[in-house]
Structures are given as C-alpha cells and as structure tokens.
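Trainee: Below is the file work26.txt, with compact mmCIF, C-alpha atoms and all ligand atoms.
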```txt
# COMPACT_ATOMS: atom_id res chain seq x y z
CA MET A 22 3.23 -50.13 10.79
CA PHE A 23 -0.10 -51.58 11.99
CA SER A 24 -1.14 -52.51 8.45
CA SER A 25 2.09 -54.49 8.04
CA ILE A 26 1.28 -56.75 10.99
CA ALA A 27 -2.49 -57.02 10.35
CA PRO A 28 -2.40 -60.56 8.87
CA ARG A 29 -0.82 -62.05 12.01
CA TYR A 30 -2.05 -59.50 14.55
CA ASP A 31 -4.70 -61.66 16.26
CA LEU A 32 -2.46 -64.71 16.53
CA LEU A 33 0.36 -62.62 17.98
CA ASN A 34 -1.92 -60.94 20.49
CA HIS A 35 -3.07 -64.28 21.86
CA VAL A 36 0.38 -65.91 21.83
CA LEU A 37 2.27 -62.97 23.36
CA SER A 38 -0.31 -62.36 26.08
CA PHE A 39 -0.86 -66.08 26.81
CA ASN A 40 -4.53 -65.43 25.91
CA VAL A 41 -5.00 -63.00 28.81
CA ASP A 42 -5.95 -60.32 26.23
CA ARG A 43 -9.41 -61.91 25.95
CA LEU A 44 -9.98 -61.51 29.69
CA TRP A 45 -8.90 -57.86 29.56
CA TRP A 46 -11.32 -56.99 26.71
CA ARG A 47 -14.15 -58.86 28.45
CA ARG A 48 -13.48 -57.18 31.80
CA THR A 49 -13.42 -53.75 30.16
CA ALA A 50 -16.73 -54.40 28.40
CA ARG A 51 -18.25 -55.62 31.69
CA SER A 52 -17.23 -52.35 33.37
CA PHE A 53 -19.65 -50.53 31.08
CA ALA A 54 -22.51 -53.04 31.38
CA GLY A 55 -24.89 -50.26 32.47
CA ILE A 56 -24.43 -48.18 29.30
CA LEU A 57 -24.26 -51.22 27.05
CA SER A 58 -27.62 -52.50 28.29
CA GLU A 59 -29.34 -49.32 27.04
CA PRO A 60 -31.05 -50.04 23.68
CA THR A 61 -30.45 -46.47 22.52
CA ALA A 62 -26.77 -46.32 23.51
CA ARG A 63 -24.25 -45.13 20.90
CA VAL A 64 -20.81 -46.64 21.38
CA LEU A 65 -17.50 -45.95 19.64
CA ASP A 66 -14.52 -48.31 19.91
CA LEU A 67 -11.56 -46.17 18.89
CA CYS A 68 -8.37 -47.68 17.40
CA CYS A 69 -10.40 -50.88 17.10
CA GLY A 70 -7.80 -52.75 15.00
CA THR A 71 -9.18 -56.16 14.05
CA GLY A 72 -12.16 -55.61 16.36
CA ASP A 73 -11.74 -57.86 19.39
CA MET A 74 -12.60 -55.11 21.90
CA THR A 75 -15.58 -54.15 19.70
CA PHE A 76 -16.81 -57.78 19.74
CA ALA A 77 -16.52 -57.89 23.54
CA LEU A 78 -18.68 -54.74 23.72
CA LEU A 79 -21.25 -56.34 21.43
CA ARG A 80 -21.36 -59.52 23.53
CA GLN A 81 -21.92 -57.41 26.65
CA THR A 82 -24.97 -55.72 25.10
CA GLY A 83 -26.78 -59.09 24.94
CA GLN A 84 -30.01 -58.41 23.06
CA ALA A 85 -30.12 -54.74 24.05
CA GLY A 86 -29.43 -53.36 20.58
CA ALA A 87 -26.94 -50.58 21.33
CA GLU A 88 -25.33 -49.08 18.21
CA ILE A 89 -21.62 -49.99 18.14
CA LEU A 90 -19.01 -48.57 15.76
CA GLY A 91 -15.34 -49.49 15.46
CA ALA A 92 -12.92 -46.87 14.09
CA ASP A 93 -9.30 -47.20 13.03
CA PHE A 94 -7.00 -45.49 10.53
CA SER A 95 -5.45 -48.72 9.25
CA HIS A 96 -7.36 -50.03 6.24
CA ALA A 97 -5.81 -53.51 6.58
CA MET A 98 -6.79 -53.85 10.25
CA LEU A 99 -10.36 -52.74 9.51
CA GLN A 100 -10.61 -55.16 6.61
CA ARG A 101 -9.91 -58.03 9.00
CA ALA A 102 -12.44 -56.64 11.48
CA ARG A 103 -15.05 -56.55 8.69
CA GLU A 104 -14.28 -60.15 7.64
CA LYS A 105 -14.52 -61.38 11.26
CA SER A 106 -17.80 -59.55 11.88
CA LYS A 107 -19.90 -60.79 8.95
CA GLY A 108 -23.54 -61.01 10.09
CA LYS A 109 -22.90 -59.05 13.28
CA PRO A 110 -24.65 -55.71 13.88
CA LEU A 111 -21.45 -53.62 13.96
CA GLY A 112 -20.28 -50.68 11.87
CA TRP A 113 -16.66 -49.95 10.87
CA ILE A 114 -15.20 -46.65 9.86
CA GLU A 115 -11.74 -45.58 8.68
CA ALA A 116 -10.88 -42.53 10.76
CA ASP A 117 -8.06 -40.79 12.59
CA ALA A 118 -8.61 -40.68 16.35
CA LEU A 119 -7.17 -37.16 16.40
CA GLN A 120 -9.78 -35.86 13.94
CA LEU A 121 -12.96 -37.83 14.41
CA PRO A 122 -15.66 -37.44 11.76
CA PHE A 123 -18.48 -37.26 14.33
CA PRO A 124 -20.49 -34.35 15.69
CA ASP A 125 -20.07 -33.10 19.27
CA ALA A 126 -21.86 -35.01 22.06
CA HIS A 127 -22.73 -37.97 19.81
CA PHE A 128 -21.69 -41.03 21.88
CA ASP A 129 -22.63 -42.48 25.27
CA LEU A 130 -19.43 -44.48 25.51
CA VAL A 131 -16.01 -44.30 23.82
CA THR A 132 -13.52 -47.11 24.42
CA SER A 133 -10.01 -47.71 23.17
CA ALA A 134 -8.00 -50.87 23.79
CA PHE A 135 -4.23 -50.73 23.33
CA GLY A 136 -4.66 -47.96 20.76
CA PHE A 137 -4.60 -44.69 22.70
CA ARG A 138 -0.94 -45.19 23.69
CA ASN A 139 0.01 -44.97 20.00
CA LEU A 140 -1.48 -41.53 19.41
CA ALA A 141 0.97 -38.80 18.45
CA ASP A 142 -0.72 -36.34 20.83
CA TYR A 143 -2.41 -37.70 23.98
CA ASP A 144 -4.05 -34.41 24.95
CA ALA A 145 -5.52 -33.97 21.48
CA GLY A 146 -6.78 -37.59 21.64
CA LEU A 147 -8.46 -37.00 24.99
CA GLY A 148 -9.90 -33.75 23.65
CA GLU A 149 -11.49 -35.55 20.69
CA ILE A 150 -12.94 -38.30 22.92
CA PHE A 151 -14.35 -35.63 25.25
CA ARG A 152 -15.83 -33.69 22.32
CA VAL A 153 -17.74 -36.65 20.84
CA LEU A 154 -19.10 -37.82 24.22
CA ARG A 155 -22.45 -36.52 25.40
CA ARG A 156 -22.67 -34.98 28.88
CA GLY A 157 -22.66 -37.91 31.34
CA GLY A 158 -21.09 -40.16 28.69
CA GLU A 159 -18.09 -42.31 29.66
CA CYS A 160 -14.69 -43.13 28.29
CA GLY A 161 -12.69 -46.33 28.87
CA ILE A 162 -9.05 -46.55 27.83
CA LEU A 163 -7.49 -49.97 28.25
CA ASP A 164 -3.75 -49.96 27.82
CA PHE A 165 -0.48 -51.41 28.99
CA GLY A 166 1.20 -50.40 32.23
CA GLU A 167 4.49 -51.18 33.94
CA PRO A 168 4.14 -53.56 36.89
CA HIS A 169 6.44 -53.02 39.88
CA GLY A 170 8.21 -55.31 42.36
CA PRO A 171 9.77 -58.73 41.70
CA PHE A 172 6.99 -59.66 39.26
CA GLY A 173 7.68 -56.40 37.39
CA MET A 174 11.34 -57.37 36.99
CA LEU A 175 10.48 -60.74 35.48
CA TYR A 176 7.83 -59.19 33.31
CA ARG A 177 10.29 -56.59 31.95
CA ILE A 178 12.69 -59.34 30.89
CA TYR A 179 9.88 -60.94 28.93
CA PHE A 180 8.37 -57.71 27.54
CA GLN A 181 11.57 -55.93 26.56
CA HIS A 182 13.73 -58.83 25.44
CA MET A 183 11.70 -61.94 24.58
CA LEU A 184 8.49 -60.43 23.17
CA PRO A 185 10.24 -58.39 20.42
CA VAL A 186 12.07 -61.51 19.22
CA ILE A 187 8.95 -63.74 19.19
CA GLY A 188 6.82 -60.95 17.67
CA THR A 189 9.31 -60.27 14.88
CA TRP A 190 9.68 -63.99 14.18
CA ILE A 191 5.92 -64.72 13.92
CA SER A 192 4.93 -61.50 12.12
CA GLY A 193 7.87 -61.60 9.75
CA VAL A 194 8.12 -57.82 10.13
CA ARG A 195 11.02 -56.07 11.83
CA GLY A 196 10.09 -53.02 13.90
CA PRO A 197 6.59 -53.12 15.38
CA TYR A 198 7.39 -55.52 18.21
CA SER A 199 10.42 -53.50 19.28
CA TYR A 200 8.27 -50.39 19.11
CA LEU A 201 5.77 -51.96 21.56
CA PRO A 202 7.93 -51.85 24.74
CA ALA A 203 9.26 -48.42 23.71
CA SER A 204 5.71 -47.09 23.35
CA VAL A 205 4.76 -48.41 26.80
CA GLU A 206 7.80 -46.69 28.28
CA ARG A 207 6.81 -43.32 26.78
CA PHE A 208 3.16 -43.70 27.92
CA PRO A 209 2.41 -41.61 31.03
CA ALA A 210 2.27 -43.37 34.41
CA PRO A 211 -1.28 -43.73 35.83
CA SER A 212 -1.08 -40.60 38.00
CA ALA A 213 0.09 -38.47 35.04
CA MET A 214 -2.50 -39.97 32.69
CA LEU A 215 -5.29 -39.27 35.20
CA GLU A 216 -4.06 -35.68 35.45
CA ARG A 217 -4.26 -35.36 31.66
CA MET A 218 -7.80 -36.78 31.70
CA ARG A 219 -8.89 -34.23 34.31
CA GLY A 220 -7.16 -31.51 32.29
CA ALA A 221 -9.23 -32.54 29.24
CA GLY A 222 -12.39 -32.07 31.30
CA PHE A 223 -13.16 -35.61 32.49
CA CYS A 224 -14.54 -36.09 35.98
CA GLU A 225 -14.44 -39.24 38.16
CA ALA A 226 -11.16 -40.20 36.46
CA SER A 227 -9.88 -43.55 37.73
CA TRP A 228 -7.42 -46.31 36.87
CA THR A 229 -7.97 -50.00 37.65
CA PRO A 230 -4.92 -52.26 37.23
CA TYR A 231 -5.42 -55.58 35.45
CA THR A 232 -3.11 -58.57 36.04
CA PHE A 233 -0.62 -56.93 38.45
CA GLY A 234 -0.69 -53.71 36.41
CA ILE A 235 0.50 -55.23 33.12
CA ALA A 236 -2.57 -53.51 31.74
CA GLY A 237 -5.18 -51.24 33.26
CA LEU A 238 -8.42 -49.44 32.54
CA TYR A 239 -8.67 -45.65 32.66
CA ARG A 240 -12.20 -44.39 33.09
CA GLY A 241 -13.61 -40.90 32.97
CA LYS A 242 -16.97 -39.22 32.67
CA ARG A 243 -17.88 -36.15 30.67
C1 LIG B 301 -2.32 -52.31 19.17
S1 LIG B 301 -3.62 -52.06 18.06
C2 LIG B 301 -5.05 -52.35 19.08
C3 LIG B 301 -6.20 -52.92 18.31
C4 LIG B 301 -7.41 -53.38 19.14
N1 LIG B 301 -8.05 -52.29 19.82
C5 LIG B 301 -7.01 -54.46 20.14
O1 LIG B 301 -7.29 -54.31 21.33
O2 LIG B 301 -6.46 -55.47 19.69
C6 LIG B 301 -3.61 -50.33 17.90
C7 LIG B 301 -4.52 -49.82 16.80
O3 LIG B 301 -4.59 -48.39 16.90
C8 LIG B 301 -4.70 -47.88 15.58
N2 LIG B 301 -4.31 -46.47 15.62
C9 LIG B 301 -3.14 -45.94 16.06
N3 LIG B 301 -3.18 -44.60 15.95
C10 LIG B 301 -4.39 -44.28 15.43
C11 LIG B 301 -5.02 -43.06 15.08
N4 LIG B 301 -4.40 -41.88 15.23
N5 LIG B 301 -6.27 -43.09 14.59
C12 LIG B 301 -6.92 -44.28 14.43
N6 LIG B 301 -6.37 -45.48 14.73
C13 LIG B 301 -5.12 -45.48 15.23
C14 LIG B 301 -3.78 -48.76 14.76
O4 LIG B 301 -4.06 -48.72 13.39
C15 LIG B 301 -4.05 -50.15 15.38
O5 LIG B 301 -5.04 -50.85 14.68
```
As structure tokens, what does this structure read like?
Mentor:
Amino acid sequence: MFSSIAPRYDLLNHVLSFNVDRLWWRRTARSFAGILSEPTARVLDLCCGTGDMTFALLRQTGQAGAEILGADFSHAMLQRAREKSKGKPLGWIEADALQLPFPDAHFDLVTSAFGFRNLADYDAGLGEIFRVLRRGGECGILDFGEPHGPFGMLYRIYFQHMLPVIGTWISGVRGPYSYLPASVERFPAPSAMLERMRGAGFCEASWTPYTFGIAGLYRGKR
C-alpha cells in the first residue's frame, strides 16, 4: 500500500496537512536536542518513509555528527528517501519494524513518525524498540490523535470525508487514504498507548499533543 503512493507521498503530506507536517517533524526533533547533540549518538528513525522525519533529526544535530539511520519495509519509499538525501550523512535500511536487524541496546534514540500506528502488533513494535535501545536511551513516537470539542468535530469532517477524496484524487490510488482515518480510529487513545509503553518496560512515558491533539508525541525512556 505504501509503495503504491510513494511517488506522490510527499506532495500529499504537505497538501493534506496544510504544511503543518513540517512543524511536527521539527518539533519532535527539537524534543531530542540533548541526544542529537552528542557526537557519538546512534539514532534510528523507524518507518522513515521518504525520510522527512530523518532529515529533521539530521538538521537538529547541527555539526554534532550523530549517526542517523532511517528504516522502512517499503522499497519504493526508501528509494525516494535515498534520492532526496544525496550527499547527506544518512544511512537507509530496508527492514521490518517488528523484526529489526540490530543487536540489543544499540541505539540512543529511536523515533517513528506516523509509522507506528500502521504496525500489525503494537506491543511487538514497542518490544522491538525497547530491545534495540540502550539503557537510558529514548523513544519518540509521533502519530495522529483524535482532537475533541468543537474543533474536533470540524476536524473529523475534514479527516474522514474530505481527506480520503483529495488523497485518492491526487495519488490516483484507491484505498490508502480511506485506510488513514480508519487506522487512526483503531490506534489506542493516549492513556491506553502510555499503558502499553509502560507494559513494554518504558519509564517516564508521556504524551504531548500537537496542534489541538491532531497529532502528538509519545516519549519513553528505557
Ligand atoms: C505514513 S508513512 C510515514 C513516513 C514518514 N515517517 C513520515 O513521517 O512521513 C508510514 C511508513 O511506515 C512504513 N511501515 C509500516 N509498517 C512497517 C513495518 N512493519 N516495518 C517497517 N516500515 C513500516 C511504511 O512503509 C511507510 O513508509
């Protein structure tokens, strides 16, 4: 499904989010400024897609020289990430988030932007992130939420009815942009997601809403 929308994925992201996606990636990267300023830091951006979260992490490192890897199981998405990153000190790897090809305790930071929600098994995903993080390492999961109140009502009209039509029209592919609101609906609410994170072993689990809760950042420490 993701490979089928790869050619238009970036354009659609920016159009459908009115460009707010860029702010969300930047804000997430800024939240981990401490780790990213360490020259020896090892960072994994999981479900990296075409790499925009990965690029935001790189920008946040400045000249620090942290090692940053993007991983995704869609070849087509990664191909676009590679094309966009020519000359940048980033690595890309084709891998399933539920079976990561990395040793235990390897990374200082694992992020995932709008990818975690798509995993077939959230607990297994959290378990893998926990496994590859070193003790004291951090995880940041940026994903969609469901805003409440009058704004939430307006937003739902847009997200459930208008976005699938625009997304299908621009991508030329039927399916993925109807799947998007359905996948957000099945994603646990913040309190349940934080419980799952604690269950996987994370401490200091927290959720920070972005833009009235349309999106939000889950953080946890190993
Ligand atoms: C909505 S895109 C997000 C891409 C990027 N992180 C962003 O913020 O634009 C979700 C990505 O998750 C990837 N993905 C979904 N399930 C995965 C899995 N089990 N293992 C690796 N990647 C996965 C998809 O291939 C897709 O590129």
Trainee: Mind dumping a table of every chain A residue within 7 Å of ligand LIG 301 (chain B), with the nearest atom pair and its distance in Å to one decimal, using all atoms listed in the file, sorted by chain and rising number, as CSV?
Mentor:
```
residue,atom,partner,partner_atom,distance
A:Phe23,CA,B:LIG301,O4,5.1
A:Ser24,CA,B:LIG301,O4,6.9
A:Leu67,CA,B:LIG301,N6,6.7
A:Cys68,CA,B:LIG301,O3,3.9
A:Cys69,CA,B:LIG301,N1,3.9
A:Gly70,CA,B:LIG301,O5,3.4
A:Thr71,CA,B:LIG301,C4,6.1
A:Gly72,CA,B:LIG301,C4,5.9
A:Asp73,CA,B:LIG301,O2,5.8
A:Met74,CA,B:LIG301,O1,5.4
A:Ala92,CA,B:LIG301,C12,6.5
A:Asp93,CA,B:LIG301,N6,3.8
A:Phe94,CA,B:LIG301,C12,4.1
A:Ser95,CA,B:LIG301,O4,4.4
A:Met98,CA,B:LIG301,O5,5.6
A:Ala116,CA,B:LIG301,C12,5.7
A:Asp117,CA,B:LIG301,N5,3.5
A:Ala118,CA,B:LIG301,N5,3.8
A:Leu119,CA,B:LIG301,N4,5.6
A:Ser133,CA,B:LIG301,N1,6.0
A:Ala134,CA,B:LIG301,N1,4.2
A:Phe135,CA,B:LIG301,C2,4.6
A:Gly136,CA,B:LIG301,C6,3.9
A:Phe137,CA,B:LIG301,O3,6.9
A:Asn139,CA,B:LIG301,C9,5.1
A:Leu140,CA,B:LIG301,N3,4.9
A:Ala141,CA,B:LIG301,N4,7.0
```
Trainee: Between atom CA of A:Val131 and atom CA of A:Arg63, what is the distance in Å, rounded to a tenth?
Mentor: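 Distance reported for this atom pair: 8.8 Å.
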Trainee: Under the rule that all atoms listed in the file are counted, which of A:Met174, A:Met214, A:Ile114, A:Ala145 is the nearest residue to A:Ala226?
Mentor: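 Of A:Met174, A:Met214, A:Ile114, A:Ala145, the one nearest A:Ala226, counting all atoms listed in the file, is A:Met214.
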Trainee: In Å, with one decimal, what is the gap from atom CA of A:Leu99 to atom CA of A:Arg80?
Mentor: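 Separation of atom CA of A:Leu99 and atom CA of A:Arg80: 19.1 Å.
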Trainee: Taking all atoms listed in the file into account, name the residue in A:Gln100, A:Ser106, A:Ser52, A:Ser192 that is nearest to A:Asn34.
Mentor: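 For A:Asn34, the nearest of the candidates is A:Ser192.
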Trainee: Taking into account all atoms listed in the file, which residue in the set A:Arg51, A:His182, A:Lys109, A:Arg207 is nearest to A:Phe165?
Mentor: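 For A:Phe165, the nearest of the given residues is A:Arg207.
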Trainee: Find, counting all atoms listed in the file, the residue in A:Pro211, A:Pro202, A:Pro168, A:Gly161 that gets nearest to A:Met183.
Mentor: A:Pro202
Trainee: In Å, with one decimal, what is the gap from atom CA of A:Ala213 to atom CA of A:Glu225?
Mentor: 14.9 Å
Trainee: Using only C-alpha atoms, which of A:Trp190, A:Tyr198, A:Phe76, A:Tyr176 sits nearest A:Gly234?
Mentor: A:Tyr176
Trainee: I'd like the contact shell of A:Tyr143 - 10 Å cut-off, all atoms listed in the file, skipping same-chain residues fewer than 5 positions apart - returned as a PyMOL selection string.
Mentor: chain A and resi 119+137-138+148-149+208-209+214+217-218
Trainee: How would you write as a ChimeraX atom specification the residues that get within 7 Å of (-15.2, -57.7, 26.8) in the file's frame, counting all atoms listed in the file?
Mentor: /A:45-51,74,77-78,81
Trainee: Save out the residues we just selected, C-alpha atoms, as a PDB file, in the frame of the given file.
Mentor:
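Result went into part.pdb, see below:
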```pdb
ATOM      1  CA  TRP A  45      -8.900 -57.860  29.560  1.00  0.00           C
ATOM      2  CA  TRP A  46     -11.320 -56.990  26.710  1.00  0.00           C
ATOM      3  CA  ARG A  47     -14.150 -58.860  28.450  1.00  0.00           C
ATOM      4  CA  ARG A  48     -13.480 -57.180  31.800  1.00  0.00           C
ATOM      5  CA  THR A  49     -13.420 -53.750  30.160  1.00  0.00           C
ATOM      6  CA  ALA A  50     -16.730 -54.400  28.400  1.00  0.00           C
ATOM      7  CA  ARG A  51     -18.250 -55.620  31.690  1.00  0.00           C
ATOM      8  CA  MET A  74     -12.600 -55.110  21.900  1.00  0.00           C
ATOM      9  CA  ALA A  77     -16.520 -57.890  23.540  1.00  0.00           C
ATOM     10  CA  LEU A  78     -18.680 -54.740  23.720  1.00  0.00           C
ATOM     11  CA  GLN A  81     -21.920 -57.410  26.650  1.00  0.00           C
TER      12      GLN A  81
END
```
Trainee: For A:Ser199, work out the shell of residues within 10 Å, counting all atoms listed in the file and skipping chain neighbours fewer than 4 positions away, then give it as a list in words.
Mentor: Phe180, Gln181, His182, Leu184, Pro185, Val186, Gly188, Thr189, Arg195, Ala203 and Ser204 of chain A
Trainee: May I have the residues at most 12 Å from (-13.6, -35.0, 24.4) in the file's coordinates, counting only C-alpha atoms, as JSON, numbers by chain?
Mentor: {"A": [118, 119, 120, 121, 123, 124, 125, 126, 127, 128, 129, 130, 131, 143, 144, 145, 146, 147, 148, 149, 150, 151, 152, 153, 154, 155, 156, 157, 158, 159, 160, 217, 218, 219, 220, 221, 222, 223, 224, 241, 242, 243]}
Trainee: For those residues, write C-alpha atoms to a file as an mmCIF file, keeping the file's coordinate frame.
Mentor:
```cif
data_model
loop_
_atom_site.group_PDB
_atom_site.id
_atom_site.type_symbol
_atom_site.label_atom_id
_atom_site.label_comp_id
_atom_site.auth_asym_id
_atom_site.auth_seq_id
_atom_site.Cartn_x
_atom_site.Cartn_y
_atom_site.Cartn_z
ATOM 1 C CA ALA A 118 -8.610 -40.680 16.350
ATOM 2 C CA LEU A 119 -7.170 -37.160 16.400
ATOM 3 C CA GLN A 120 -9.780 -35.860 13.940
ATOM 4 C CA LEU A 121 -12.960 -37.830 14.410
ATOM 5 C CA PHE A 123 -18.480 -37.260 14.330
ATOM 6 C CA PRO A 124 -20.490 -34.350 15.690
ATOM 7 C CA ASP A 125 -20.070 -33.100 19.270
ATOM 8 C CA ALA A 126 -21.860 -35.010 22.060
ATOM 9 C CA HIS A 127 -22.730 -37.970 19.810
ATOM 10 C CA PHE A 128 -21.690 -41.030 21.880
ATOM 11 C CA ASP A 129 -22.630 -42.480 25.270
ATOM 12 C CA LEU A 130 -19.430 -44.480 25.510
ATOM 13 C CA VAL A 131 -16.010 -44.300 23.820
ATOM 14 C CA TYR A 143 -2.410 -37.700 23.980
ATOM 15 C CA ASP A 144 -4.050 -34.410 24.950
ATOM 16 C CA ALA A 145 -5.520 -33.970 21.480
ATOM 17 C CA GLY A 146 -6.780 -37.590 21.640
ATOM 18 C CA LEU A 147 -8.460 -37.000 24.990
ATOM 19 C CA GLY A 148 -9.900 -33.750 23.650
ATOM 20 C CA GLU A 149 -11.490 -35.550 20.690
ATOM 21 C CA ILE A 150 -12.940 -38.300 22.920
ATOM 22 C CA PHE A 151 -14.350 -35.630 25.250
ATOM 23 C CA ARG A 152 -15.830 -33.690 22.320
ATOM 24 C CA VAL A 153 -17.740 -36.650 20.840
ATOM 25 C CA LEU A 154 -19.100 -37.820 24.220
ATOM 26 C CA ARG A 155 -22.450 -36.520 25.400
ATOM 27 C CA ARG A 156 -22.670 -34.980 28.880
ATOM 28 C CA GLY A 157 -22.660 -37.910 31.340
ATOM 29 C CA GLY A 158 -21.090 -40.160 28.690
ATOM 30 C CA GLU A 159 -18.090 -42.310 29.660
ATOM 31 C CA CYS A 160 -14.690 -43.130 28.290
ATOM 32 C CA ARG A 217 -4.260 -35.360 31.660
ATOM 33 C CA MET A 218 -7.800 -36.780 31.700
ATOM 34 C CA ARG A 219 -8.890 -34.230 34.310
ATOM 35 C CA GLY A 220 -7.160 -31.510 32.290
ATOM 36 C CA ALA A 221 -9.230 -32.540 29.240
ATOM 37 C CA GLY A 222 -12.390 -32.070 31.300
ATOM 38 C CA PHE A 223 -13.160 -35.610 32.490
ATOM 39 C CA CYS A 224 -14.540 -36.090 35.980
ATOM 40 C CA GLY A 241 -13.610 -40.900 32.970
ATOM 41 C CA LYS A 242 -16.970 -39.220 32.670
ATOM 42 C CA ARG A 243 -17.880 -36.150 30.670
#
```
Trainee: Selecting C-alpha atoms, how would stretch 83-127 of chain A from this structure be written as a short mmCIF file (atom, residue, chain, number, x, y, z; two decimals), in the first residue's frame?
Mentor:
```
data_model
loop_
_atom_site.label_atom_id
_atom_site.label_comp_id
_atom_site.auth_asym_id
_atom_site.auth_seq_id
_atom_site.Cartn_x
_atom_site.Cartn_y
_atom_site.Cartn_z
CA GLY A 83 23.90 20.62 13.57
CA GLN A 84 27.57 19.73 13.21
CA ALA A 85 27.50 17.19 16.04
CA GLY A 86 27.96 14.12 13.84
CA ALA A 87 25.45 11.69 15.37
CA GLU A 88 24.93 8.52 13.30
CA ILE A 89 21.39 8.52 11.87
CA LEU A 90 19.69 5.60 10.12
CA GLY A 91 16.25 5.50 8.51
CA ALA A 92 14.47 2.14 8.27
CA ASP A 93 11.33 1.15 6.38
CA PHE A 94 9.97 -2.00 4.76
CA SER A 95 8.77 -0.27 1.59
CA HIS A 96 11.47 -0.33 -1.08
CA ALA A 97 9.76 2.44 -3.09
CA MET A 98 9.56 4.80 -0.09
CA LEU A 99 13.22 4.19 0.77
CA GLN A 100 14.26 4.77 -2.83
CA ARG A 101 12.77 8.26 -2.65
CA ALA A 102 14.46 8.87 0.71
CA ARG A 103 17.80 7.88 -0.86
CA GLU A 104 17.26 10.20 -3.85
CA LYS A 105 16.34 13.13 -1.56
CA SER A 106 19.34 12.56 0.71
CA LYS A 107 22.19 12.50 -1.82
CA GLY A 108 25.29 13.98 -0.16
CA LYS A 109 23.77 13.85 3.32
CA PRO A 110 25.38 11.71 6.05
CA LEU A 111 22.38 9.38 6.49
CA GLY A 112 22.01 5.62 6.15
CA TRP A 113 18.90 3.79 4.88
CA ILE A 114 17.94 0.23 5.54
CA GLU A 115 15.05 -1.95 4.35
CA ALA A 116 13.70 -3.61 7.48
CA ASP A 117 10.51 -4.67 9.24
CA ALA A 118 9.89 -2.72 12.45
CA LEU A 119 8.64 -5.93 14.07
CA GLN A 120 11.92 -7.77 13.42
CA LEU A 121 14.73 -5.25 13.48
CA PRO A 122 18.12 -6.40 12.21
CA PHE A 123 20.03 -4.69 15.04
CA PRO A 124 21.62 -6.03 18.21
CA ASP A 125 20.18 -5.33 21.66
CA ALA A 126 20.96 -1.94 23.28
CA HIS A 127 22.36 -0.45 20.06
#
```
